[in-house]
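structure-v8.cif (mmCIF, C-alpha atoms) appears below.
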data_final
loop_
_atom_site.label_atom_id
_atom_site.label_comp_id
_atom_site.auth_asym_id
_atom_site.auth_seq_id
_atom_site.Cartn_x
_atom_site.Cartn_y
_atom_site.Cartn_z
CA MET T 1 -15.18 -33.38 81.53
CA ALA T 2 -13.25 -34.00 78.34
CA ASN T 3 -11.39 -31.12 76.79
CA ASN T 4 -13.27 -29.44 73.98
CA PRO T 5 -10.86 -28.79 71.07
CA VAL T 6 -12.88 -25.77 69.90
CA VAL T 7 -12.63 -24.22 73.38
CA ASN T 8 -8.93 -25.13 73.51
CA MET T 9 -8.34 -23.23 70.27
CA PHE T 10 -9.26 -20.02 72.08
CA LYS T 11 -7.46 -20.94 75.32
CA VAL T 12 -4.04 -21.05 73.63
CA LYS T 13 -2.94 -17.43 73.22
CA GLU T 14 -0.74 -18.06 70.17
CA LEU T 15 -3.45 -19.99 68.34
CA ARG T 16 -6.16 -17.50 69.34
CA SER T 17 -4.08 -14.61 67.96
CA LYS T 18 -3.46 -16.46 64.70
CA LEU T 19 -7.16 -17.27 64.26
CA PHE T 20 -8.33 -13.70 64.92
CA PHE T 21 -5.62 -12.31 62.65
CA THR T 22 -6.65 -14.67 59.84
CA LEU T 23 -10.33 -13.76 60.23
CA LEU T 24 -9.47 -10.04 60.23
CA ILE T 25 -7.46 -10.32 56.99
CA LEU T 26 -10.19 -12.39 55.32
CA ALA T 27 -12.74 -9.73 56.34
CA VAL T 28 -10.57 -7.06 54.67
CA VAL T 29 -10.39 -9.18 51.51
CA ARG T 30 -14.16 -9.60 51.45
CA LEU T 31 -14.61 -5.84 51.94
CA GLY T 32 -12.32 -5.16 48.98
CA SER T 33 -14.36 -7.63 46.93
CA VAL T 34 -17.50 -5.46 47.14
CA LEU T 35 -15.86 -2.05 46.52
CA THR T 36 -16.48 -1.18 42.87
CA ILE T 37 -13.62 0.49 40.99
CA PRO T 38 -14.08 4.24 40.32
CA GLY T 39 -16.09 5.10 37.23
CA ILE T 40 -18.35 2.02 37.22
CA ASN T 41 -22.11 2.29 37.83
CA ALA T 42 -22.68 -0.70 40.13
CA THR T 43 -26.46 -0.70 39.63
CA LEU T 44 -26.30 -0.87 35.82
CA LEU T 45 -23.49 -3.43 36.03
CA LEU T 46 -25.66 -5.66 38.21
CA GLN T 47 -28.54 -5.31 35.76
CA TYR T 48 -26.26 -6.32 32.88
CA PHE T 49 -25.10 -9.55 34.54
CA ASP T 50 -28.62 -10.36 35.74
CA THR T 51 -29.91 -10.20 32.18
CA LEU T 52 -27.18 -12.43 30.75
CA ALA T 53 -28.65 -15.57 29.26
CA SER T 54 -26.99 -18.88 30.02
CA GLY T 55 -24.26 -19.14 27.43
CA ALA T 56 -20.58 -18.56 26.79
CA GLU T 57 -20.44 -15.08 28.36
CA SER T 58 -22.45 -16.17 31.41
CA ALA T 59 -20.19 -19.20 31.86
CA PHE T 60 -17.11 -16.96 31.50
CA ALA T 61 -18.38 -14.46 34.11
CA SER T 62 -19.27 -17.27 36.55
CA TYR T 63 -15.87 -18.90 36.01
CA MET T 64 -13.98 -15.65 36.70
CA ASP T 65 -16.19 -14.96 39.72
CA PHE T 66 -15.52 -18.41 41.16
CA PHE T 67 -11.86 -17.71 41.97
CA ALA T 68 -12.41 -14.00 42.68
CA GLY T 69 -15.09 -14.71 45.27
CA GLY T 70 -17.79 -12.75 43.44
CA ALA T 71 -15.51 -9.74 42.87
CA PHE T 72 -15.33 -10.00 39.08
CA GLU T 73 -18.99 -9.30 38.29
CA ARG T 74 -18.90 -6.38 40.72
CA PHE T 75 -15.84 -4.91 38.97
CA SER T 76 -14.33 -4.50 42.43
CA VAL T 77 -10.79 -3.42 43.30
CA PHE T 78 -9.97 -7.09 44.03
CA MET T 79 -11.64 -8.43 40.87
CA LEU T 80 -8.50 -10.29 39.69
CA GLY T 81 -7.91 -11.83 43.10
CA VAL T 82 -4.76 -13.91 43.52
CA MET T 83 -4.92 -15.66 40.14
CA PRO T 84 -2.30 -13.41 38.43
CA TYR T 85 0.13 -14.27 41.23
CA ILE T 86 -0.52 -18.00 40.85
CA SER T 87 -0.13 -17.75 37.06
CA THR T 88 3.24 -16.01 37.49
CA GLN T 89 4.36 -18.62 40.03
CA ILE T 90 3.58 -21.37 37.53
CA ILE T 91 5.55 -19.66 34.77
CA LEU T 92 8.58 -19.17 37.06
CA GLN T 93 8.46 -22.73 38.40
CA LEU T 94 8.39 -24.06 34.85
CA ALA T 95 11.29 -21.76 33.94
CA LEU T 96 13.34 -23.06 36.89
CA VAL T 97 12.84 -26.63 35.66
CA ILE T 98 13.52 -25.85 31.99
CA PHE T 99 16.56 -23.60 32.51
CA PRO T 100 19.24 -25.13 34.81
CA ALA T 101 21.04 -21.79 35.16
CA LEU T 102 17.96 -20.24 36.76
CA LYS T 103 17.61 -23.22 39.10
CA ARG T 104 21.25 -22.91 40.21
CA MET T 105 20.71 -19.19 40.80
CA ALA T 106 17.63 -19.93 42.90
CA GLN T 107 19.59 -22.43 45.02
CA GLU T 108 22.34 -19.92 45.82
CA GLU T 109 22.34 -17.84 49.00
CA GLY T 110 19.54 -15.30 48.71
CA GLY T 111 18.22 -17.08 45.62
CA GLN T 112 14.74 -17.60 47.03
CA ARG T 113 14.37 -13.91 47.81
CA ARG T 114 15.40 -13.16 44.22
CA VAL T 115 12.77 -15.58 42.91
CA GLN T 116 10.15 -13.95 45.12
CA ALA T 117 11.11 -10.54 43.71
CA TRP T 118 10.81 -11.88 40.14
CA THR T 119 7.39 -13.30 41.03
CA ARG T 120 6.18 -9.93 42.30
CA VAL T 121 7.40 -8.09 39.20
CA GLY T 122 5.91 -10.77 36.93
CA THR T 123 2.59 -10.54 38.79
CA ILE T 124 2.44 -6.80 38.15
CA LEU T 125 3.00 -7.38 34.42
CA VAL T 126 0.27 -10.05 34.29
CA CYS T 127 -2.09 -7.76 36.24
CA VAL T 128 -1.50 -4.89 33.81
CA ILE T 129 -2.23 -7.12 30.81
CA GLN T 130 -5.40 -8.50 32.40
CA SER T 131 -6.44 -4.99 33.51
CA VAL T 132 -6.19 -3.75 29.93
CA ALA T 133 -8.49 -6.61 28.90
CA ILE T 134 -10.87 -5.58 31.70
CA THR T 135 -11.11 -2.03 30.33
CA VAL T 136 -12.05 -3.45 26.91
CA TYR T 137 -14.62 -5.71 28.61
CA ALA T 138 -16.04 -2.69 30.47
CA GLU T 139 -16.35 -0.82 27.18
CA SER T 140 -18.37 -3.69 25.66
CA ILE T 141 -20.65 -3.68 28.72
CA ASN T 142 -21.08 0.10 28.37
CA GLN T 143 -22.20 -0.39 24.77
CA ALA T 144 -24.80 -2.95 25.90
CA VAL T 145 -25.88 -0.89 28.92
CA PRO T 146 -25.15 2.82 28.30
CA GLY T 147 -23.99 4.56 31.44
CA ALA T 148 -22.26 1.52 32.99
CA VAL T 149 -18.98 3.47 32.63
CA MET T 150 -19.61 6.94 34.05
CA PHE T 151 -16.45 8.72 32.89
CA GLU T 152 -16.65 10.40 29.50
CA SER T 153 -12.88 10.29 29.02
CA LYS T 154 -12.03 6.76 27.93
CA VAL T 155 -8.29 7.28 28.47
CA PHE T 156 -8.78 8.56 32.02
CA PHE T 157 -11.04 5.60 32.92
CA ASN T 158 -8.63 3.07 31.38
CA VAL T 159 -5.60 4.41 33.26
CA LEU T 160 -7.54 4.62 36.53
CA ALA T 161 -8.98 1.11 36.13
CA ILE T 162 -5.58 -0.42 35.30
CA LEU T 163 -3.93 1.22 38.31
CA THR T 164 -6.80 0.34 40.66
CA VAL T 165 -7.16 -3.30 39.64
CA THR T 166 -3.38 -3.94 39.54
CA THR T 167 -2.90 -2.36 42.96
CA GLY T 168 -5.87 -4.28 44.33
CA SER T 169 -4.49 -7.60 43.13
CA MET T 170 -1.05 -6.90 44.64
CA ILE T 171 -2.69 -5.93 47.95
CA THR T 172 -4.62 -9.22 47.88
CA VAL T 173 -1.36 -11.15 47.39
CA TRP T 174 0.26 -9.18 50.24
CA LEU T 175 -2.69 -9.96 52.52
CA GLY T 176 -2.33 -13.65 51.63
CA ASP T 177 1.35 -13.51 52.58
CA GLN T 178 0.41 -11.99 55.94
CA ILE T 179 -1.94 -14.90 56.66
CA THR T 180 0.81 -17.39 55.80
CA ALA T 181 3.34 -15.59 58.02
CA ARG T 182 1.18 -14.62 61.00
CA GLY T 183 -2.09 -16.52 60.68
CA ILE T 184 -3.40 -20.04 60.11
CA GLY T 185 -3.10 -21.93 56.85
CA ASN T 186 -1.74 -21.00 53.43
CA GLY T 187 -2.81 -17.40 52.79
CA ILE T 188 -3.44 -17.67 49.04
CA SER T 189 -5.51 -20.85 49.48
CA MET T 190 -7.41 -19.31 52.40
CA ILE T 191 -8.42 -16.31 50.29
CA ILE T 192 -9.81 -18.60 47.56
CA PHE T 193 -11.49 -20.71 50.27
CA ALA T 194 -13.14 -17.62 51.82
CA GLY T 195 -14.39 -16.48 48.41
CA ILE T 196 -16.09 -19.82 47.78
CA VAL T 197 -17.65 -19.93 51.26
CA ALA T 198 -18.92 -16.35 50.95
CA ARG T 199 -20.81 -17.18 47.75
CA LEU T 200 -22.36 -20.47 48.93
CA PRO T 201 -25.42 -18.95 50.73
CA ASN T 202 -26.39 -16.97 47.62
CA ALA T 203 -25.92 -20.07 45.43
CA VAL T 204 -28.14 -22.15 47.74
CA TRP T 205 -30.84 -19.45 47.70
CA GLU T 206 -30.63 -19.22 43.90
CA LEU T 207 -31.04 -23.01 43.72
CA ILE T 208 -34.12 -22.90 45.99
CA SER T 209 -35.63 -20.08 43.89
CA SER T 210 -35.03 -22.06 40.69
CA VAL T 211 -36.83 -25.08 42.16
CA ARG T 212 -39.75 -22.90 43.30
CA ASN T 213 -40.05 -21.41 39.81
CA ASP T 214 -39.90 -24.90 38.26
CA ASP T 215 -36.73 -23.96 36.34
CA ILE T 216 -34.96 -26.99 37.84
CA ASN T 217 -36.50 -30.39 38.57
CA VAL T 218 -36.36 -31.15 42.29
CA VAL T 219 -35.34 -34.76 41.49
CA PHE T 220 -32.23 -33.44 39.73
CA VAL T 221 -31.44 -31.33 42.78
CA ILE T 222 -31.64 -34.38 45.07
CA VAL T 223 -29.46 -36.42 42.72
CA ALA T 224 -26.91 -33.58 42.54
CA LEU T 225 -26.87 -33.15 46.35
CA VAL T 226 -26.32 -36.89 46.85
CA MET T 227 -23.52 -36.69 44.30
CA PHE T 228 -21.96 -33.77 46.18
CA LEU T 229 -22.09 -35.66 49.50
CA VAL T 230 -20.48 -38.70 47.87
CA VAL T 231 -17.77 -36.49 46.37
CA ILE T 232 -17.05 -34.91 49.78
CA GLY T 233 -16.71 -38.38 51.33
CA LEU T 234 -14.43 -39.53 48.52
CA VAL T 235 -12.29 -36.40 48.80
CA VAL T 236 -11.79 -36.86 52.55
CA TYR T 237 -11.09 -40.57 52.05
CA GLU T 238 -8.60 -39.88 49.28
CA GLN T 239 -6.88 -36.98 51.09
CA SER T 240 -6.22 -39.14 54.15
CA GLY T 241 -4.80 -42.09 52.20
CA GLU T 242 -1.05 -42.71 52.52
CA ARG T 243 1.55 -45.13 51.24
CA LYS T 244 4.10 -45.58 54.02
CA ILE T 245 7.62 -46.44 52.81
CA PRO T 246 9.57 -48.16 55.64
CA VAL T 247 13.12 -46.90 56.23
CA HIS T 248 15.65 -48.55 58.54
CA TYR T 249 18.65 -46.63 59.88
CA ALA T 250 21.74 -48.64 60.83
CA LYS T 251 23.52 -48.04 64.11
CA ARG T 252 26.62 -45.84 63.99
CA VAL T 253 29.05 -44.54 66.60
CA VAL T 254 29.94 -40.83 66.70
CA GLY T 255 32.48 -40.13 69.45
CA ASN T 256 31.26 -41.85 72.60
CA LYS T 257 27.61 -41.95 71.51
CA MET T 258 25.67 -44.37 69.37
CA TYR T 259 23.08 -43.08 66.90
CA GLY T 260 20.51 -44.74 64.65
CA GLY T 261 19.24 -48.26 64.83
CA GLN T 262 15.59 -47.22 64.60
CA SER T 263 12.97 -47.80 61.93
CA THR T 264 10.66 -45.15 60.56
CA TYR T 265 8.71 -44.52 57.38
CA ILE T 266 8.21 -41.92 54.64
CA PRO T 267 4.51 -41.01 54.23
CA PHE T 268 3.52 -40.57 50.57
CA LYS T 269 -0.06 -39.35 50.16
CA ILE T 270 -2.15 -40.99 47.46
CA ASN T 271 -2.61 -37.45 46.17
CA PRO T 272 0.73 -35.82 47.11
CA SER T 273 -0.04 -32.45 45.50
CA GLY T 274 -3.46 -31.95 47.14
CA VAL T 275 -5.66 -29.34 45.43
CA ILE T 276 -2.67 -27.52 43.89
CA PRO T 277 -3.06 -29.10 40.39
CA ILE T 278 -6.64 -27.86 40.10
CA ILE T 279 -5.74 -24.34 41.28
CA PHE T 280 -2.72 -24.26 38.95
CA ALA T 281 -4.70 -25.57 35.97
CA SER T 282 -7.47 -23.04 36.56
CA ALA T 283 -5.00 -20.16 36.97
CA PHE T 284 -3.15 -21.25 33.82
CA LEU T 285 -6.42 -21.20 31.85
CA THR T 286 -7.80 -18.01 33.42
CA PHE T 287 -5.26 -15.74 31.72
CA PRO T 288 -5.93 -16.73 28.06
CA LEU T 289 -9.64 -17.18 28.81
CA GLN T 290 -10.03 -13.62 30.07
CA ILE T 291 -7.91 -12.09 27.30
CA ALA T 292 -9.79 -14.01 24.58
CA ASN T 293 -13.25 -13.20 25.96
CA SER T 294 -12.51 -9.54 26.61
CA LEU T 295 -10.88 -8.90 23.23
CA ALA T 296 -13.02 -11.30 21.14
CA GLY T 297 -14.67 -8.39 19.31
CA ARG T 298 -11.30 -7.02 18.17
CA ALA T 299 -10.00 -10.02 16.19
CA THR T 300 -11.55 -13.06 14.51
CA TRP T 301 -8.91 -15.48 15.81
CA LEU T 302 -9.54 -14.31 19.39
CA MET T 303 -13.23 -14.98 18.87
CA LYS T 304 -12.35 -18.55 17.86
CA VAL T 305 -10.09 -18.95 20.90
CA SER T 306 -12.88 -17.60 23.11
CA ALA T 307 -15.33 -20.12 21.66
CA ALA T 308 -12.83 -22.98 22.08
CA LEU T 309 -12.15 -21.99 25.70
CA ASN T 310 -15.81 -21.86 26.70
CA PRO T 311 -15.86 -23.46 30.20
CA LEU T 312 -18.80 -25.60 29.06
CA GLY T 313 -17.07 -26.75 25.88
CA ILE T 314 -15.24 -30.02 25.28
CA TRP T 315 -11.90 -28.42 24.40
CA TYR T 316 -11.72 -26.45 27.63
CA ASN T 317 -12.44 -29.53 29.73
CA VAL T 318 -9.97 -31.70 27.79
CA ILE T 319 -7.24 -29.07 28.27
CA GLU T 320 -8.13 -28.73 31.96
CA VAL T 321 -7.87 -32.50 32.51
CA LEU T 322 -4.48 -32.64 30.77
CA LEU T 323 -3.21 -29.66 32.78
CA ILE T 324 -4.36 -31.20 36.07
CA ILE T 325 -2.45 -34.40 35.29
CA PHE T 326 0.62 -32.40 34.20
CA PHE T 327 0.65 -30.17 37.30
CA ALA T 328 0.08 -33.18 39.58
CA TYR T 329 3.33 -34.71 38.26
CA PHE T 330 5.15 -31.38 38.07
CA TYR T 331 4.28 -30.16 41.58
CA THR T 332 5.00 -33.54 43.15
CA GLN T 333 8.44 -33.66 41.53
CA VAL T 334 9.19 -30.18 42.87
CA THR T 335 8.00 -30.81 46.44
CA LEU T 336 8.83 -34.53 46.75
CA ASN T 337 12.02 -34.91 44.75
CA PRO T 338 12.94 -38.65 44.83
CA THR T 339 16.59 -37.78 44.17
CA GLU T 340 16.80 -35.54 47.24
CA ILE T 341 14.89 -38.00 49.43
CA ALA T 342 17.14 -40.90 48.37
CA LYS T 343 20.23 -38.74 48.98
CA ASN T 344 19.08 -37.84 52.51
CA ILE T 345 18.35 -41.50 53.29
CA ARG T 346 21.84 -42.59 52.16
CA GLU T 347 23.63 -39.74 53.96
CA ASN T 348 21.94 -40.69 57.24
CA GLY T 349 22.81 -44.38 56.88
CA GLY T 350 19.29 -45.45 56.02
CA SER T 351 17.92 -48.03 53.63
CA ILE T 352 14.56 -49.32 52.45
CA PRO T 353 14.12 -53.02 53.33
CA GLY T 354 14.38 -55.21 50.24
CA ILE T 355 15.68 -52.38 48.04
CA ARG T 356 19.34 -51.97 47.08
CA THR T 357 20.83 -48.66 48.18
CA ASP T 358 21.67 -47.62 44.62
CA LYS T 359 18.08 -48.39 43.55
CA THR T 360 16.41 -46.24 46.22
CA GLU T 361 15.74 -43.29 43.92
CA GLU T 362 14.33 -45.53 41.21
CA TYR T 363 12.06 -47.29 43.71
CA LEU T 364 10.74 -44.02 45.18
CA GLN T 365 10.10 -42.64 41.69
CA ARG T 366 8.17 -45.79 40.75
CA VAL T 367 6.01 -45.56 43.89
CA LEU T 368 5.27 -41.88 43.29
CA ASN T 369 4.33 -42.51 39.66
CA ARG T 370 1.88 -45.21 40.73
CA LEU T 371 0.31 -42.81 43.22
CA ILE T 372 0.23 -39.67 41.08
CA LEU T 373 -1.54 -41.10 38.02
CA PRO T 374 -4.70 -42.42 39.75
CA GLY T 375 -4.69 -39.40 42.09
CA SER T 376 -4.50 -36.92 39.21
CA LEU T 377 -7.18 -38.76 37.21
CA TYR T 378 -9.38 -38.68 40.30
CA LEU T 379 -8.82 -34.91 40.62
CA ALA T 380 -9.59 -34.40 36.93
CA LEU T 381 -12.82 -36.40 37.18
CA ILE T 382 -14.03 -34.36 40.13
CA ALA T 383 -13.01 -31.10 38.41
CA ILE T 384 -15.33 -31.71 35.44
CA ILE T 385 -18.35 -32.65 37.58
CA PRO T 386 -19.70 -29.04 37.54
CA THR T 387 -19.74 -29.07 33.73
CA ILE T 388 -21.54 -32.43 33.66
CA ILE T 389 -24.13 -31.22 36.18
CA GLN T 390 -24.68 -27.98 34.31
CA ILE T 391 -25.20 -29.72 30.97
CA LEU T 392 -27.28 -32.69 32.16
CA PHE T 393 -29.36 -31.05 34.90
CA LYS T 394 -29.50 -27.51 33.42
CA PHE T 395 -28.12 -25.98 36.62
CA PRO T 396 -27.05 -22.29 36.39
CA ALA T 397 -23.29 -21.83 36.01
CA SER T 398 -23.05 -19.91 39.31
CA ILE T 399 -24.56 -22.85 41.21
CA SER T 400 -22.74 -25.70 39.48
CA MET T 401 -19.36 -23.95 39.82
CA LEU T 402 -19.79 -23.31 43.55
CA MET T 403 -21.38 -26.63 44.48
CA GLY T 404 -19.34 -28.73 42.05
CA GLY T 405 -16.19 -30.80 42.29
CA THR T 406 -13.51 -28.08 42.12
CA SER T 407 -15.05 -26.03 44.92
CA LEU T 408 -15.50 -29.13 47.08
CA LEU T 409 -11.88 -30.17 46.51
CA ILE T 410 -10.63 -26.73 47.48
CA LEU T 411 -12.95 -26.46 50.49
CA VAL T 412 -12.10 -29.92 51.84
CA GLY T 413 -8.39 -29.72 50.97
CA VAL T 414 -7.84 -26.30 52.55
CA ASP T 415 -9.96 -27.28 55.55
CA LEU T 416 -7.94 -30.45 56.18
CA ASP T 417 -4.62 -28.59 55.86
CA THR T 418 -5.79 -25.85 58.21
CA MET T 419 -7.09 -28.39 60.73
CA ALA T 420 -3.71 -30.14 60.62
CA GLN T 421 -1.96 -26.85 61.53
CA VAL T 422 -4.41 -26.18 64.36
CA GLU T 423 -3.96 -29.76 65.53
CA ALA T 424 -0.18 -29.37 65.63
CA LEU T 425 -0.39 -26.12 67.63
CA LEU T 426 -2.83 -27.68 70.13
CA LYS T 427 -0.54 -30.68 70.60
CA MET T 428 2.45 -28.39 71.06
CA HIS T 429 0.63 -26.69 73.94
CA HIS T 430 -0.38 -30.07 75.47
CA HIS T 431 -4.05 -29.96 74.47
CA ASP T 432 -6.13 -32.63 72.79
CA GLY T 433 -6.72 -31.99 69.11
CA PHE T 434 -9.86 -32.61 67.06
CA THR T 435 -9.16 -36.34 67.40
CA LYS T 436 -7.41 -37.88 70.39
CA LYS T 437 -4.75 -39.38 68.14
CA GLY T 438 -4.57 -36.41 65.75
CA LEU T 439 -5.78 -36.42 62.18
CA LYS T 440 -5.80 -40.06 61.19
CA SER T 441 -4.38 -41.42 57.96
CA ARG T 442 -5.01 -44.67 56.17
CA ASN T 443 -2.03 -46.76 55.22
CA LEU T 444 -2.30 -48.08 51.68
#

Go ahead and render the structure in this file as structure tokens.
Amino acid sequence: MANNPVVNMFKVKELRSKLFFTLLILAVVRLGSVLTIPGINATLLLQYFDTLASGAESAFASYMDFFAGGAFERFSVFMLGVMPYISTQIILQLALVIFPALKRMAQEEGGQRRVQAWTRVGTILVCVIQSVAITVYAESINQAVPGAVMFESKVFFNVLAILTVTTGSMITVWLGDQITARGIGNGISMIIFAGIVARLPNAVWELISSVRNDDINVVFVIVALVMFLVVIGLVVYEQSGERKIPVHYAKRVVGNKMYGGQSTYIPFKINPSGVIPIIFASAFLTFPLQIANSLAGRATWLMKVSAALNPLGIWYNVIEVLLIIFFAYFYTQVTLNPTEIAKNIRENGGSIPGIRTDKTEEYLQRVLNRLILPGSLYLALIAIIPTIIQILFKFPASISMLMGGTSLLILVGVDLDTMAQVEALLKMHHHDGFTKKGLKSRNL
């Protein structure tokens, strides 16, 4: 009887412990996502969001809920999720590239720990700013639905809400770090993944109810579902595509032993940065989007910014596409630095057939550029599918966001990365993986 990889996952003690630990942490995150912050009437809050007409505010709430796993509309302790942390990471990574002194400091001994400390402090500052905006947003809800905020003292509620939401976000980040260190997969990505999965059943039921009530044409639903299946297939196909750069290492004698003489290759994915550009672009836009929407009633220019950043509007989608392309190039340069790769090849006596040694870096950069541009455009196209579906087929924002391109990219991307880690652990313990030859890649 052939080995069952699912059974093998639970036979290996190390892998079993990692899986159960990851599930336990994700369960804690989901619990925190339904615990409303003190001073909020959950029943009236639910009524307020249920009565929202499809428009800018509904699109904003659905957008914020997408990455918070439904925690935003509940005003839960984890309502900001991990997005402040990702926003701070982006700012610091950009600063390291722009300011050479900071980059040198980060490369020194203990530099990475220092950068991590800066990220934590920066995350707290971002959380406080967003929490202040949340208190203003809660006040506007209380005006629309009297009694939504139960505390009479506005100052007391504001301080309590800021402390609760900031602490909740930092706990979420810490839980994500625990998954990365002791569980399976990247913790931050897994938390976003779990939030999307948790909201899918409700989205499907809402879609079925809309069809029953004749709010959505069943033909549009079929067309959208076919589109989703095609997108999933394309995502898997694109994620597994690789450009293999052959590298030959010359023979060399060290002492009485001979090293080298073998040929290998450098695997460059057609989309080297995976789903990171979409997550980064969304996190980068979340901060100004929330501030502008929450404080729109306080200043005319913020109202204009809020209108311009409407997730259904053209300006938002244009900016998102540009950011996805930018972060695709930026993240790839950080993680796959052609200069460092070329340096390592030369130091180990390697060369790329047909390419002069002094042209290795230039060649690698050219190959990466040819891969990144179509890959980033592909990501951008898939990212705007929810908007297209919502406008053309009149799907509710909650459904189109969850069943659209961004969610599918994150679900498939995180799933493939997690499966690759499980596969590696199974192979290490001499078990067959999900495929007998491991996760297969296509050579382009």

Just to confirm, what's the straight-line distance from CA of Asp215 in chain T to CA of Ile399 in chain T in Å (one decimal)?
13.2 Å

Suppose you want the space between CA of Met64 in chain T and CA of Met190 in chain T; what is it in Å?
17.4 Å

Selection result for the PyMOL selection byres ((chain T and resi 45) around 12) on this file, as an NGL selection string
:T and (36-37 or 39-44 or 46-52 or 72-76 or 137-150)

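Each of T:Leu163, T:Ile325, T:Val235, T:Ala101 was checked against Ile372 in chain T using only C-alpha atoms; the smallest atom-to-atom distance is that of T:Ile325.
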
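Taking all atoms listed in the file into account, Pro84 in chain T lies nearest to T:Cys127 out of the set T:Cys127, T:Leu364, T:Ile324, T:Val97.
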
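Proximity to Gly195 in chain T at 8 Å, evaluated using only C-alpha atoms and with sequence-adjacent residues fewer than 5 positions away removed, yields Arg30, Phe66, Phe67, Ala68, Gly69 and Gly70 of chain T.
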
Considering only C-alpha atoms, return as a ChimeraX atom specification whatever protein or nucleic-acid residues lie within 10 Å of Gln178 in chain T, sequence-local ones (same chain, fewer than 3 positions apart) excluded.
/T:21-22,25,172-175,181-184,186-188

Specify as a ChimeraX atom specification each residue included when the PyMOL selection byres ((chain T and resi 124) around 9) is applied to this file.
/T:84-85,119-123,125-129,166-167,169-170

If we count only C-alpha atoms and set the cut-off at 8 Å, which residues sit around Ser282 in chain T, ignoring sequence neighbours fewer than 4 positions away in its own chain? Please answer as a list in words.
Ile278, Thr286 and Glu320 of chain T

Contacts of Val236 in chain T within 10 Å, all atoms listed in the file, excl. fewer than 6 positions in-chain, as a ChimeraX atom specification:
/T:409,412-413,416

Residues selected by the PyMOL selection byres ((chain T and resi 225) around 12), written as a ChimeraX atom specification:
/T:204,207,218-224,226-232,389,393,399-400,403-405

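Here CA of Pro353 in chain T and CA of Pro246 in chain T stand 7.0 Å from one another.
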
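Look at everything within 6 Å of (-9.0, -4.0, 29.5) using all atoms listed in the file, and the residues you get are Ser131, Val132, Ala133, Ile134, Thr135, Val136 and Tyr137 of chain T.
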
Which residues are near range 273-276 of chain T? Cut-off 10 Å, all atoms listed in the file, ignore same chain within fewer than 5 positions. Put them as a PDB file with C-alpha atoms, in the frame of the given file.
ATOM      1  CA  SER T 189      -5.510 -20.850  49.480  1.00  0.00           C
ATOM      2  CA  GLU T 238      -8.600 -39.880  49.280  1.00  0.00           C
ATOM      3  CA  GLN T 239      -6.880 -36.980  51.090  1.00  0.00           C
ATOM      4  CA  ALA T 281      -4.700 -25.570  35.970  1.00  0.00           C
ATOM      5  CA  SER T 282      -7.470 -23.040  36.560  1.00  0.00           C
ATOM      6  CA  ILE T 324      -4.360 -31.200  36.070  1.00  0.00           C
ATOM      7  CA  PHE T 327       0.650 -30.170  37.300  1.00  0.00           C
ATOM      8  CA  ALA T 328       0.080 -33.180  39.580  1.00  0.00           C
ATOM      9  CA  TYR T 329       3.330 -34.710  38.260  1.00  0.00           C
ATOM     10  CA  PHE T 330       5.150 -31.380  38.070  1.00  0.00           C
ATOM     11  CA  TYR T 331       4.280 -30.160  41.580  1.00  0.00           C
ATOM     12  CA  THR T 332       5.000 -33.540  43.150  1.00  0.00           C
ATOM     13  CA  GLN T 333       8.440 -33.660  41.530  1.00  0.00           C
ATOM     14  CA  VAL T 334       9.190 -30.180  42.870  1.00  0.00           C
ATOM     15  CA  THR T 335       8.000 -30.810  46.440  1.00  0.00           C
ATOM     16  CA  LEU T 336       8.830 -34.530  46.750  1.00  0.00           C
ATOM     17  CA  ILE T 372       0.230 -39.670  41.080  1.00  0.00           C
ATOM     18  CA  GLY T 375      -4.690 -39.400  42.090  1.00  0.00           C
ATOM     19  CA  SER T 376      -4.500 -36.920  39.210  1.00  0.00           C
ATOM     20  CA  LEU T 379      -8.820 -34.910  40.620  1.00  0.00           C
ATOM     21  CA  THR T 406     -13.510 -28.080  42.120  1.00  0.00           C
ATOM     22  CA  SER T 407     -15.050 -26.030  44.920  1.00  0.00           C
ATOM     23  CA  LEU T 408     -15.500 -29.130  47.080  1.00  0.00           C
ATOM     24  CA  LEU T 409     -11.880 -30.170  46.510  1.00  0.00           C
ATOM     25  CA  ILE T 410     -10.630 -26.730  47.480  1.00  0.00           C
ATOM     26  CA  LEU T 411     -12.950 -26.460  50.490  1.00  0.00           C
ATOM     27  CA  VAL T 412     -12.100 -29.920  51.840  1.00  0.00           C
ATOM     28  CA  GLY T 413      -8.390 -29.720  50.970  1.00  0.00           C
ATOM     29  CA  VAL T 414      -7.840 -26.300  52.550  1.00  0.00           C
ATOM     30  CA  ASP T 417      -4.620 -28.590  55.860  1.00  0.00           C
TER      31      ASP T 417
END

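Closest to Leu312 in chain T among T:Ile341, T:Ile352, T:Ile388, T:Ala380 is T:Ile388, based on only C-alpha atoms.
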